[in-house]
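**Q** Pasting a structure below so you can have a look.
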There are 2 protein chains.
Amino acid sequence: MTIEQPALTALTPRAAEIVTAARALLEEEGREALTMRVLADRIGIRAPSLYKHFPDKEGVEVALIERGLAEMGAALRAALGGPDPVPALLRAYRERARASPNLYRLSTAGPLPRHRLAPGLEDWAGEPFFLATGEPYAAQALFAFAHGMVVMEIDGRFPPGSDLDRTWAEGARAFAA
Amino acid sequence: MTIEQPALTALTPRAAEIVTAARALLEEEGREALTMRVLADRIGIRAPSLYKHFPDKEGVEVALIERGLAEMGAALRAALGGPDPVPALLRAYRERARASPNLYRLSTAGPLPRHRLAPGLEDWAGEPFFLATGEPYAAQALFAFAHGMVVMEIDGRFPPGSDLDRTWAEGARAFAA
DNA sequence: TTGCACAGGCTAACGGCGTTAGCTATCGTG
DNA sequence: CACGATAGCTAACGCCGTTAGCCTGTGCAA
């Protein structure tokens, strides 16, 4: 709660509609299905018309990523305040990511278009890790663990049948000390 | 050393040349520069001729990923055997990933084409985490930490000026206990 | 009321992508 | 000497993001 939530990049009502459709398309069909032509189709216009509302495809993606970061930051903050902040934080992180796996992947696969993001938003979304640990190095390490777990879980990189609840608990135990 | 190293998918000499060129191209110019036309150019042929040696672009990528996994598995094994296996393993993991960041990203961004990979190779590459911890849940958690750290470091997702050596050490400390 | 700027649609098209079809030259083997 | 396989080639298809240029409706100013 030390950082004020930064405002997201402003969108016209029509642009917001497009972002909503893009999000549904991304989540339902995956990242490679998020094309300008298909997106335009979903809202009943032609692809070039999208460029009246966004400068390029990355502009749409940036809006999506901002919304993902804002939701994540809010969810993590809501999880804090109880007696066991680290497990609560990890639970919230995992839950949020699994609720929108394709948006999570979009936000984290490859380098972020950081210079186009609302300034401070990324720090704001990550701050709960510091709030939970009270120490920057533990915070970054915990963040890396959470991110690694989510990415490997979402991408199915753990052997089938793994008891991931237990692996998460193992991480919470390691970092709670 | 409990799992035998699986053999990589066999390649003809010419196919191996192509993979070598693809690796150089990927590492020098990044993933989006790895196109069939540019790759063909590098070895002095036309793009369609590549299809005489690989069924599709993913076939080339699979060969690259297999080599990345084999090198990683070998590097991790070489790091074991000393008195402090967890920090040594993490050091080797980080070093290997940073030596070929684009190959690392290729292997880990999004779902793996697992069904096309040499069977057992992925398990073999990950086994050192089990060897270092002696316990499957700690092994998976440590793996996730290492992967998350590497990905965030490679993609520049930590705040500039972060002392990542210390963050790595913090993770090693947490998981050594 | 008329004139006009502009917002937001449209079609056509460009260059780049992965990929396929089909042709051809070279080479080792019967 | 014939022949099949290998490995190159060109042309082209359908997709992608994106640009240029056109048109039409709406709302405000003279």
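A note on labels: chains of the structure tokens are A, B, ... as shown, every chain counts residues from 1, and ligands are counted from 1 in their shown order.
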Write out, as a Markdown table, each residue of chain C that has an atom at most 12 Å from chain B, together with the closest pair of atoms and their distance in Å to one decimal, counting only C-alpha atoms (C1' of nucleotides), rows going by chain and rising number.

**A**
```
| residue | atom | partner | partner_atom | distance |
| --- | --- | --- | --- | --- |
| C:DG16 | C1' | B:Arg37 | CA | 9.7 |
| C:DC17 | C1' | B:Thr35 | CA | 7.8 |
| C:DG18 | C1' | B:Met36 | CA | 7.6 |
| C:DT19 | C1' | B:Pro48 | CA | 7.9 |
| C:DT20 | C1' | B:Pro48 | CA | 8.9 |
| C:DA21 | C1' | B:Pro48 | CA | 11.0 |
```

**Q** Write out as a list in words every residue belonging to chain A that has an atom at most 6 Å from any atom of chain B, counting only C-alpha atoms.

**A** Ala109, Gly110, Pro111, Tyr137, Ala141, Ala144, Phe145, His147, Gly148, Met149, Asp155, Thr167, Gly171, Ala174 and Phe175 of chain A

**Q** Give me, as a short mmCIF file (atom, residue, chain, number, x, y, z; two decimals) with C-alpha atoms (C1' of nucleotides), in the first residue's frame, the contact residues of chain D against chain B at a cut-off of 8 Å, counting only C-alpha atoms (C1' of nucleotides).

**A**
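Produced file iface_12.cif, reproduced below:
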```cif
data_model
loop_
_atom_site.label_atom_id
_atom_site.label_comp_id
_atom_site.auth_asym_id
_atom_site.auth_seq_id
_atom_site.Cartn_x
_atom_site.Cartn_y
_atom_site.Cartn_z
"C1'" DA D 7 18.99 -32.06 -53.16
"C1'" DG D 8 18.79 -28.06 -55.31
"C1'" DC D 9 15.57 -24.55 -57.92
#
```

**Q** List every residue of segment 15-165 of chain B that DSSP, applied to the backbone of this structure, assigns to alpha helix (DSSP H), and report them as a PyMOL selection string.

**A** chain B and resi 15-29+36-42+57-79+85-99+101-108+121-133+136-154+164-165

**Q** Counting only C-alpha atoms (C1' of nucleotides), what is within 9 Å of segment 11-14 of chain C, bar same-chain residues fewer than 2 positions away, as a count of residues only?

**A** 4

**Q** Just the residues within 12 Å of DA29 of chain D, please, counting only C-alpha atoms (C1' of nucleotides), with nothing from its chain fewer than 6 positions along; format it as a PyMOL selection string.

**A** chain C and resi 1-5

**Q** Export N, CA and C atoms (P, O5', C5', C4', C3', O3' and C1' of nucleotides) of the chosen residues as a PDB file, in the first residue's frame?

**A**
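Output (out-v2.pdb):
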```pdb
ATOM      1  P    DT C   1     -33.602  24.817 -40.833  1.00  0.00           P
ATOM      2  O5'  DT C   1     -32.421  25.496 -41.694  1.00  0.00           O
ATOM      3  C5'  DT C   1     -32.795  26.385 -42.719  1.00  0.00           C
ATOM      4  C4'  DT C   1     -31.557  26.703 -43.492  1.00  0.00           C
ATOM      5  C3'  DT C   1     -30.933  25.497 -44.193  1.00  0.00           C
ATOM      6  O3'  DT C   1     -30.331  25.957 -45.392  1.00  0.00           O
ATOM      7  C1'  DT C   1     -29.391  26.368 -42.633  1.00  0.00           C
ATOM      8  P    DT C   2     -30.078  25.020 -46.568  1.00  0.00           P
ATOM      9  O5'  DT C   2     -28.520  25.278 -46.738  1.00  0.00           O
ATOM     10  C5'  DT C   2     -28.039  26.632 -46.761  1.00  0.00           C
ATOM     11  C4'  DT C   2     -26.595  26.648 -46.339  1.00  0.00           C
ATOM     12  C3'  DT C   2     -25.701  25.603 -47.021  1.00  0.00           C
ATOM     13  O3'  DT C   2     -24.599  26.278 -47.586  1.00  0.00           O
ATOM     14  C1'  DT C   2     -25.366  25.581 -44.689  1.00  0.00           C
ATOM     15  P    DG C   3     -23.651  25.543 -48.566  1.00  0.00           P
ATOM     16  O5'  DG C   3     -22.329  25.376 -47.685  1.00  0.00           O
ATOM     17  C5'  DG C   3     -21.763  26.533 -47.071  1.00  0.00           C
ATOM     18  C4'  DG C   3     -20.618  26.110 -46.172  1.00  0.00           C
ATOM     19  C3'  DG C   3     -19.676  25.080 -46.812  1.00  0.00           C
ATOM     20  O3'  DG C   3     -18.345  25.549 -46.636  1.00  0.00           O
ATOM     21  C1'  DG C   3     -20.498  24.288 -44.710  1.00  0.00           C
ATOM     22  P    DC C   4     -17.156  24.764 -47.252  1.00  0.00           P
ATOM     23  O5'  DC C   4     -16.584  24.056 -45.954  1.00  0.00           O
ATOM     24  C5'  DC C   4     -16.698  24.712 -44.694  1.00  0.00           C
ATOM     25  C4'  DC C   4     -16.166  23.801 -43.605  1.00  0.00           C
ATOM     26  C3'  DC C   4     -15.181  22.739 -44.102  1.00  0.00           C
ATOM     27  O3'  DC C   4     -14.157  22.609 -43.166  1.00  0.00           O
ATOM     28  C1'  DC C   4     -16.956  21.695 -43.008  1.00  0.00           C
ATOM     29  P    DA C   5     -12.711  22.315 -43.602  1.00  0.00           P
ATOM     30  O5'  DA C   5     -12.159  21.572 -42.299  1.00  0.00           O
ATOM     31  C5'  DA C   5     -12.373  22.172 -41.019  1.00  0.00           C
ATOM     32  C4'  DA C   5     -12.574  21.085 -39.973  1.00  0.00           C
ATOM     33  C3'  DA C   5     -11.545  19.962 -40.023  1.00  0.00           C
ATOM     34  O3'  DA C   5     -11.137  19.703 -38.698  1.00  0.00           O
ATOM     35  C1'  DA C   5     -13.722  19.053 -40.199  1.00  0.00           C
TER      36       DA C   5
END
```

**Q** Expressed in Å to a single decimal, how great is the separation between atom CA of Ser107 of chain B and atom CA of Gly68 of chain B?

**A**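 Atom-to-atom, atom CA of Ser107 of chain B and atom CA of Gly68 of chain B are spaced 7.5 Å apart.
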
**Q** Find the spatial neighbours of Gly59 of chain B, counting only C-alpha atoms (C1' of nucleotides), within a cut-off of 10 Å - ignore same-chain residues fewer than 5 positions away - and output them as an MDAnalysis selection string.

**A** chainID B and resid 19 51 53:54 64:65 113 116:117

**Q** Let me see the file: selected residues, C-alpha atoms, as an mmCIF file, in the first residue's frame.

**A**
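Result went into part.cif, see below:
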```
data_model
loop_
_atom_site.group_PDB
_atom_site.id
_atom_site.type_symbol
_atom_site.label_atom_id
_atom_site.label_comp_id
_atom_site.auth_asym_id
_atom_site.auth_seq_id
_atom_site.Cartn_x
_atom_site.Cartn_y
_atom_site.Cartn_z
ATOM 1 C CA VAL B 19 21.087 -26.713 -37.122
ATOM 2 C CA TYR B 51 12.260 -28.876 -46.424
ATOM 3 C CA HIS B 53 16.097 -31.880 -44.549
ATOM 4 C CA PHE B 54 13.386 -30.998 -42.037
ATOM 5 C CA LEU B 64 17.871 -26.803 -31.339
ATOM 6 C CA ILE B 65 15.909 -27.460 -28.159
ATOM 7 C CA PRO B 113 6.643 -29.534 -28.554
ATOM 8 C CA ARG B 116 8.586 -34.373 -30.895
ATOM 9 C CA LEU B 117 11.469 -34.340 -28.417
#
```

**Q** Just the residues within 12 Å of DG4 of chain D, please, counting only C-alpha atoms (C1' of nucleotides), with nothing from its chain fewer than 3 positions along; format it as a PyMOL selection string.

**A** chain C and resi 27-30

**Q** Quick one: residues within 10 Å of Leu8 of chain B, only C-alpha atoms (C1' of nucleotides), excluding same-chain residues fewer than 5 positions away - as a ChimeraX atom specification?

**A** /B:63,66-67,69-70,117-121
